[in-house]
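Below: run-v2.cif (mmCIF, C-alpha atoms)
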```
data_my_file
loop_
_atom_site.label_atom_id
_atom_site.label_comp_id
_atom_site.auth_asym_id
_atom_site.auth_seq_id
_atom_site.Cartn_x
_atom_site.Cartn_y
_atom_site.Cartn_z
CA MET A 40 8.81 -51.99 11.08
CA SER A 41 10.06 -48.43 11.43
CA SER A 42 13.78 -47.87 11.82
CA THR A 43 13.09 -44.76 13.93
CA LEU A 44 12.88 -45.48 17.65
CA PRO A 45 10.34 -43.65 19.88
CA ASN A 46 11.40 -40.72 22.05
CA GLY A 47 8.83 -41.01 24.83
CA MET A 48 7.02 -43.62 26.91
CA ILE A 49 5.26 -46.34 24.93
CA PRO A 50 1.76 -47.08 26.26
CA TYR A 51 0.99 -50.68 27.12
CA PRO A 52 -2.18 -52.25 25.70
CA THR A 53 -5.41 -51.83 27.63
CA PRO A 54 -8.64 -53.89 27.59
CA GLY A 55 -10.59 -53.14 24.43
CA SER A 56 -7.61 -51.87 22.45
CA SER A 57 -6.49 -53.59 19.24
CA LEU A 58 -3.13 -54.79 17.93
CA THR A 59 -2.34 -55.71 14.36
CA SER A 60 -0.34 -58.59 12.95
CA HIS A 61 0.04 -59.74 9.36
CA ARG A 62 -2.38 -62.53 10.36
CA GLY A 63 -5.10 -60.18 11.57
CA THR A 64 -6.30 -58.16 14.55
CA TYR A 65 -6.06 -59.01 18.24
CA VAL A 66 -8.50 -57.37 20.66
CA ILE A 67 -7.05 -57.11 24.15
CA GLY A 68 -8.93 -58.51 27.14
CA LYS A 69 -8.04 -58.56 30.82
CA LEU A 70 -4.54 -58.91 32.23
CA ILE A 71 -4.09 -62.51 33.43
CA GLY A 72 -0.39 -62.57 34.27
CA ASP A 73 2.24 -59.99 35.13
CA GLY A 74 5.92 -60.39 35.88
CA GLN A 75 9.26 -58.65 35.68
CA TYR A 76 9.90 -59.72 32.09
CA GLY A 77 6.44 -60.05 30.58
CA SER A 78 2.70 -59.51 30.85
CA VAL A 79 0.00 -61.85 29.56
CA TYR A 80 -3.45 -60.78 28.39
CA GLU A 81 -6.55 -62.60 27.35
CA CYS A 82 -7.32 -61.63 23.78
CA MET A 83 -9.56 -62.43 20.84
CA GLY A 84 -7.65 -62.99 17.64
CA PRO A 85 -8.49 -63.59 14.00
CA PHE A 86 -11.59 -65.75 13.36
CA ASP A 87 -12.72 -64.97 16.94
CA GLN A 88 -10.17 -67.42 18.30
CA PRO A 89 -9.15 -66.81 21.94
CA TYR A 90 -5.44 -66.57 22.71
CA ALA A 91 -3.12 -65.74 25.55
CA LEU A 92 -1.08 -62.78 24.33
CA LYS A 93 2.32 -62.34 25.93
CA MET A 94 3.98 -58.93 25.79
CA LEU A 95 7.69 -58.73 26.56
CA ARG A 96 8.35 -56.01 29.12
CA PRO A 97 11.13 -53.60 28.11
CA ALA A 98 12.24 -53.35 31.79
CA ASN A 99 14.59 -50.46 30.93
CA LYS A 100 16.46 -52.63 28.44
CA PRO A 101 17.50 -51.30 25.02
CA TYR A 102 15.12 -51.87 22.14
CA HIS A 103 17.48 -54.25 20.30
CA VAL A 104 17.94 -56.40 23.43
CA VAL A 105 14.19 -56.84 23.89
CA ARG A 106 13.82 -57.64 20.19
CA GLU A 107 16.55 -60.30 20.44
CA GLU A 108 14.86 -61.87 23.49
CA TRP A 109 11.51 -61.91 21.67
CA ALA A 110 13.05 -63.49 18.57
CA LEU A 111 14.84 -66.11 20.66
CA GLU A 112 11.75 -67.11 22.64
CA MET A 113 9.74 -67.26 19.40
CA LYS A 114 12.36 -69.53 17.83
CA ARG A 115 12.39 -71.85 20.84
CA LEU A 116 8.63 -72.18 20.95
CA GLU A 117 8.54 -72.88 17.23
CA SER A 118 11.40 -75.38 17.43
CA PHE A 119 10.29 -77.41 20.44
CA ARG A 120 6.91 -78.85 19.51
CA HIS A 121 5.59 -81.14 22.23
CA PRO A 122 2.09 -81.91 23.59
CA ASN A 123 3.11 -80.41 26.96
CA ILE A 124 4.72 -77.21 25.66
CA VAL A 125 2.48 -74.23 25.02
CA TYR A 126 1.80 -73.75 21.30
CA ILE A 127 2.75 -70.49 19.57
CA HIS A 128 0.39 -69.25 16.86
CA ASP A 129 1.79 -65.83 16.01
CA ALA A 130 4.58 -63.38 16.83
CA PHE A 131 4.59 -59.72 15.91
CA GLU A 132 5.66 -56.19 16.81
CA ASP A 133 3.17 -53.36 17.34
CA ASN A 134 4.17 -49.82 18.34
CA TYR A 135 7.69 -50.94 19.37
CA LEU A 136 6.40 -53.65 21.70
CA PHE A 137 6.81 -57.37 21.03
CA TYR A 138 4.09 -59.99 21.32
CA LEU A 139 3.61 -63.76 21.22
CA ALA A 140 0.12 -65.17 20.57
CA LEU A 141 -0.04 -68.45 22.50
CA GLU A 142 -2.68 -71.10 23.01
CA GLN A 143 -5.01 -70.22 25.86
CA CYS A 144 -5.21 -72.61 28.81
CA ASP A 145 -7.82 -72.83 31.55
CA THR A 146 -5.65 -71.93 34.53
CA SER A 147 -2.16 -72.07 35.99
CA LEU A 148 -0.70 -74.34 38.63
CA ARG A 149 -0.13 -71.21 40.72
CA ALA A 150 -3.86 -70.47 40.75
CA LEU A 151 -4.63 -74.09 41.59
CA LEU A 152 -2.20 -74.07 44.52
CA GLU A 153 -3.88 -71.00 46.00
CA MET A 154 -6.63 -73.42 47.05
CA GLY A 155 -4.17 -75.65 48.92
CA PRO A 156 -2.04 -78.74 48.25
CA LEU A 157 -2.93 -81.09 45.41
CA SER A 158 -4.32 -84.54 46.00
CA PRO A 159 -1.65 -87.23 45.57
CA PRO A 160 -3.11 -88.58 42.29
CA LEU A 161 -3.31 -85.08 40.78
CA MET A 162 0.16 -84.17 42.04
CA VAL A 163 1.68 -87.30 40.54
CA GLU A 164 -0.02 -86.74 37.19
CA VAL A 165 1.10 -83.11 36.98
CA THR A 166 4.64 -84.16 37.92
CA ARG A 167 4.59 -87.01 35.40
CA GLN A 168 3.76 -84.62 32.57
CA LEU A 169 6.39 -82.15 33.77
CA LEU A 170 9.01 -84.91 33.83
CA LEU A 171 8.00 -86.00 30.34
CA THR A 172 8.47 -82.42 29.13
CA LEU A 173 11.79 -81.88 30.90
CA GLN A 174 13.20 -85.11 29.50
CA TYR A 175 12.24 -83.96 25.99
CA LEU A 176 13.94 -80.59 26.52
CA HIS A 177 17.04 -82.04 28.18
CA ASP A 178 17.48 -84.64 25.45
CA ALA A 179 17.47 -81.72 23.01
CA GLY A 180 20.07 -79.86 25.11
CA LEU A 181 17.73 -77.15 26.42
CA VAL A 182 17.55 -76.09 30.09
CA HIS A 183 14.37 -74.22 31.02
CA SER A 184 15.81 -72.45 34.10
CA ASP A 185 12.52 -70.88 35.23
CA LEU A 186 10.36 -73.73 36.46
CA HIS A 187 7.73 -72.43 38.85
CA ALA A 188 3.97 -72.69 39.32
CA GLY A 189 3.21 -69.60 37.24
CA ASN A 190 4.90 -71.13 34.20
CA VAL A 191 2.94 -74.38 34.41
CA LEU A 192 -0.43 -74.00 32.69
CA LEU A 193 -3.32 -76.46 32.86
CA SER A 194 -6.39 -77.31 30.82
CA GLN A 195 -9.19 -79.81 31.45
CA VAL A 196 -8.81 -79.44 35.22
CA ASP A 197 -12.43 -80.57 35.66
CA ARG A 198 -11.42 -83.97 34.21
CA TRP A 199 -7.81 -85.14 33.90
CA PRO A 200 -5.43 -82.21 33.42
CA VAL A 201 -3.33 -81.50 30.36
CA LEU A 202 -0.17 -79.61 31.30
CA LYS A 203 1.53 -76.94 29.18
CA LEU A 204 4.95 -75.56 30.08
CA THR A 205 5.49 -71.95 29.05
CA ASP A 206 7.92 -69.01 29.28
CA PHE A 207 11.19 -69.93 27.59
CA GLY A 208 12.60 -66.42 27.93
CA VAL A 209 15.59 -67.45 30.06
CA ALA A 210 15.99 -70.99 28.70
CA HIS A 211 19.40 -71.87 27.31
CA GLN A 212 20.73 -74.22 24.66
CA LEU A 213 23.70 -76.15 26.06
CA ASN A 214 25.36 -76.73 22.66
CA GLY A 215 27.36 -79.72 23.83
CA GLN A 216 28.20 -78.30 27.26
CA ASN A 217 26.84 -79.57 30.57
CA TRP A 218 26.46 -76.13 32.17
CA PHE A 219 26.01 -72.43 31.40
CA ARG A 220 25.96 -69.08 33.19
CA PRO A 221 22.49 -67.51 32.92
CA ARG A 222 22.06 -63.79 32.34
CA VAL A 223 19.08 -63.57 34.69
CA ALA A 224 17.63 -65.78 37.40
CA ASN A 225 14.41 -65.89 39.38
CA PRO A 226 15.45 -65.13 43.00
CA LYS A 227 12.59 -67.24 44.39
CA ILE A 228 13.81 -70.45 42.75
CA LEU A 229 17.59 -70.14 42.87
CA THR A 230 19.55 -73.38 42.78
CA PRO A 231 22.61 -74.27 44.90
CA GLU A 232 25.05 -74.36 41.99
CA LEU A 233 23.85 -70.96 40.81
CA VAL A 234 24.24 -69.47 44.30
CA VAL A 235 27.67 -70.99 44.98
CA ALA A 236 29.31 -71.03 41.55
CA GLY A 237 27.08 -69.05 39.20
CA TYR A 238 26.21 -71.82 36.74
CA THR A 239 23.16 -73.89 35.79
CA THR A 240 22.75 -77.46 34.52
CA ARG A 241 20.01 -79.90 33.59
CA GLN A 242 19.96 -80.89 37.26
CA SER A 243 19.08 -77.27 38.10
CA ASP A 244 15.73 -77.84 36.39
CA LEU A 245 15.28 -80.91 38.59
CA TYR A 246 16.06 -78.88 41.71
CA GLN A 247 13.37 -76.36 40.70
CA LEU A 248 11.05 -79.31 40.10
CA GLY A 249 11.78 -80.40 43.68
CA LEU A 250 10.73 -76.99 44.97
CA LEU A 251 7.57 -77.21 42.91
CA LEU A 252 6.82 -80.77 44.02
CA TYR A 253 7.22 -79.73 47.66
CA GLN A 254 4.72 -76.92 47.11
CA MET A 255 2.24 -79.21 45.36
CA HIS A 256 2.53 -81.73 48.20
CA THR A 257 2.26 -79.33 51.14
CA GLY A 258 0.61 -76.18 49.80
CA ARG A 259 3.63 -74.22 51.10
CA SER A 260 6.85 -72.99 49.59
CA ALA A 261 10.09 -74.59 50.72
CA MET A 262 11.42 -71.01 50.78
CA GLU A 263 8.75 -69.89 53.24
CA GLY A 264 10.40 -67.67 55.81
CA ALA A 265 13.07 -66.40 53.42
CA SER A 266 11.81 -62.93 52.55
CA GLN A 267 14.99 -61.33 51.20
CA SER A 268 17.38 -62.59 48.53
CA THR A 269 20.15 -62.94 51.12
CA ASP A 270 17.85 -65.17 53.19
CA VAL A 271 17.06 -67.29 50.15
CA THR A 272 20.72 -67.88 49.35
CA GLU A 273 21.39 -68.75 53.00
CA PHE A 274 18.47 -71.21 52.98
CA ILE A 275 19.94 -72.88 49.93
CA ARG A 276 23.52 -72.97 51.23
CA GLU A 277 22.34 -74.59 54.46
CA GLY A 278 20.23 -77.16 52.61
CA THR A 279 16.99 -76.05 54.29
CA PRO A 280 14.68 -77.10 51.42
CA ARG A 281 16.01 -80.66 51.54
CA ALA A 282 15.70 -80.76 55.33
CA LEU A 283 12.08 -79.61 55.10
CA ALA A 284 11.34 -82.32 52.54
CA GLU A 285 12.92 -85.02 54.70
CA ALA A 286 10.90 -83.86 57.70
CA LEU A 287 7.59 -84.45 55.89
CA GLY A 288 7.83 -88.18 56.50
CA THR A 289 5.49 -89.07 53.64
CA PRO A 290 6.01 -91.62 50.84
CA PHE A 291 6.99 -88.71 48.59
CA SER A 292 9.64 -87.29 50.96
CA PRO A 293 12.59 -89.37 49.63
CA VAL A 294 11.93 -88.28 46.04
CA ILE A 295 11.52 -84.60 46.90
CA SER A 296 14.55 -84.53 49.19
CA LYS A 297 16.75 -86.18 46.55
CA LEU A 298 15.65 -83.57 44.00
CA LEU A 299 16.66 -80.88 46.52
CA ARG A 300 20.20 -82.11 47.29
CA ARG A 301 22.72 -79.28 47.27
CA ARG A 302 25.21 -80.93 44.91
CA GLU A 303 23.77 -81.59 41.47
CA GLY A 304 25.87 -84.75 41.13
CA TYR A 305 23.94 -86.30 44.03
CA ARG A 306 20.52 -85.43 42.65
CA TYR A 307 18.67 -87.46 40.08
CA GLN A 308 20.57 -87.35 36.82
CA SER A 309 17.52 -87.39 34.58
CA ALA A 310 13.77 -86.91 34.61
CA ARG A 311 13.45 -90.63 33.77
CA GLU A 312 15.16 -91.52 37.05
CA VAL A 313 12.76 -89.30 38.99
CA TRP A 314 9.74 -91.02 37.49
CA GLU A 315 11.08 -94.49 38.24
CA ASP A 316 11.12 -93.59 41.95
CA LEU A 317 7.96 -91.46 41.97
CA ARG A 318 5.82 -94.16 40.38
CA LYS A 319 6.68 -96.47 43.31
CA CYS A 320 4.99 -94.04 45.70
CA VAL A 321 1.49 -94.69 44.31
CA TRP A 322 -0.76 -97.69 43.96
CA TRP A 323 -1.88 -98.49 40.44
#
```

Mind turning this structure into structure tokens?
Amino acid sequence: MSSTLPNGMIPYPTPGSSLTSHRGTYVIGKLIGDGQYGSVYECMGPFDQPYALKMLRPANKPYHVVREEWALEMKRLESFRHPNIVYIHDAFEDNYLFYLALEQCDTSLRALLEMGPLSPPLMVEVTRQLLLTLQYLHDAGLVHSDLHAGNVLLSQVDRWPVLKLTDFGVAHQLNGQNWFRPRVANPKILTPELVVAGYTTRQSDLYQLGLLLYQMHTGRSAMEGASQSTDVTEFIREGTPRALAEALGTPFSPVISKLLRRREGYRYQSAREVWEDLRKCVWW
């Protein structure tokens, strides 16, 4: 790695271009995901193995900050090995940009929801695997903080899905505390305690799960109608998401509405508790 930083704009990879790691060459394919903090490309890696290649977006941040974020996400993905967490195969820098080579999945929950709400059996199975993953993370003191449909990947959707949680860029290690103040937050999935007091807890992940469960159940966002950030915070302060969940009147309504309570102390206290109630909503 050169110690001299670039003076001009750094070009992003384009389809057909190649990147080099100490493990081999990655040939870039189409862009399959794009956000404020990262872009994801299909790519063909060493031994003609397909990967999902995540590039961290500089987003006008200093070079050393982006490098620290890349190193931290790499460390988390390497440390938290779980069947429902996306697997990292490689991490490297190329032309002052930082990359993570991740296992490639078939689709995302976001793409699946574009076709409408999930069937109850599929919704319950996706939620079960999410709860299993969150309990693993929370037991290890990690809060994901960015739980939305784009960060939930799926494989084997033509049979019984296997879920993979991804994007640990804003996750936080609690280190013995019960809360922390995040540096960044997704404005579309803000939680009440973050809006009111500026902190996040394990229960914040469960609130975001409630938003996601509402979307899986209805095909709509609980934040529908809140177009600006000020509207979103007002929705949350007024408890609109919980009210919408209660108004559904389905067997799943009590679980979703409890996940969406404004005070984290009145929500479920663990993913295990959520599953104990959710499993009562289905016939086995």

(message) Quick check on the file I pasted: which residues fall under the PyMOL selection byres ((chain A and resi 215-221) around 12)? Write them as a PyMOL selection string.
(response) chain A and resi 177-185+208-214+222-225+229-230+232-234+236-244+303-304+308

(message) Residues near Gly155 (chain A), anyone? I mean within 9 Å using all atoms listed in the file, not counting same-chain ones fewer than 5 positions away, as a list in words.
(response) Met255, Thr257, Gly258 and Arg259 of chain A

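Residues matched by the PyMOL selection byres ((chain A and resi 291) around 10) in this file are Pro159, Val163, Leu252, Tyr253, His256, Ala284, Glu285, Leu287, Gly288, Thr289, Pro290, Ser292, Pro293, Val294, Ile295, Ser296, Asp316, Leu317, Arg318, Lys319, Cys320 and Val321 of chain A.
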
(request) Would you mind reading off the distance between CA of Glu81 (chain A) and CA of Ser158 (chain A), one decimal, in Å? (result) 28.9 Å

(request) Work out how far apart CA of Asp197 (chain A) and CA of Leu248 (chain A) are and give it in Å to one decimal. (result) 23.9 Å

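One distance worth recording is that between CA of Met94 (chain A) and CA of Trp109 (chain A), which is 9.1 Å.
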
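For the choices A:Glu108, A:Asp206, A:Asp133, A:Glu164, the atom-to-atom distance to Lys93 (chain A) is smallest for A:Asp206 when using all atoms listed in the file.
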
Give me, as a PDB file with C-alpha atoms, in the frame of the given file, all polymer residues having an atom no more than 12 Å from Glu153 (chain A), counting all atoms listed in the file and skipping those fewer than 3 positions away in the same chain.
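And here is the file that came out, out_34.pdb:
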```pdb
ATOM      1  CA  THR A 146      -5.650 -71.930  34.530  1.00  0.00           C
ATOM      2  CA  SER A 147      -2.160 -72.070  35.990  1.00  0.00           C
ATOM      3  CA  LEU A 148      -0.700 -74.340  38.630  1.00  0.00           C
ATOM      4  CA  ARG A 149      -0.130 -71.210  40.720  1.00  0.00           C
ATOM      5  CA  ALA A 150      -3.860 -70.470  40.750  1.00  0.00           C
ATOM      6  CA  PRO A 156      -2.040 -78.740  48.250  1.00  0.00           C
ATOM      7  CA  LEU A 157      -2.930 -81.090  45.410  1.00  0.00           C
ATOM      8  CA  ALA A 188       3.970 -72.690  39.320  1.00  0.00           C
ATOM      9  CA  GLY A 189       3.210 -69.600  37.240  1.00  0.00           C
ATOM     10  CA  GLN A 254       4.720 -76.920  47.110  1.00  0.00           C
ATOM     11  CA  MET A 255       2.240 -79.210  45.360  1.00  0.00           C
ATOM     12  CA  THR A 257       2.260 -79.330  51.140  1.00  0.00           C
ATOM     13  CA  GLY A 258       0.610 -76.180  49.800  1.00  0.00           C
ATOM     14  CA  ARG A 259       3.630 -74.220  51.100  1.00  0.00           C
ATOM     15  CA  SER A 260       6.850 -72.990  49.590  1.00  0.00           C
TER      16      SER A 260
END
```

(message) Using all atoms listed in the file, can you tell me which of A:Thr53, A:Arg167, A:Ala130, A:Leu176 comes closest to Glu312 (chain A)?
(response) A:Arg167
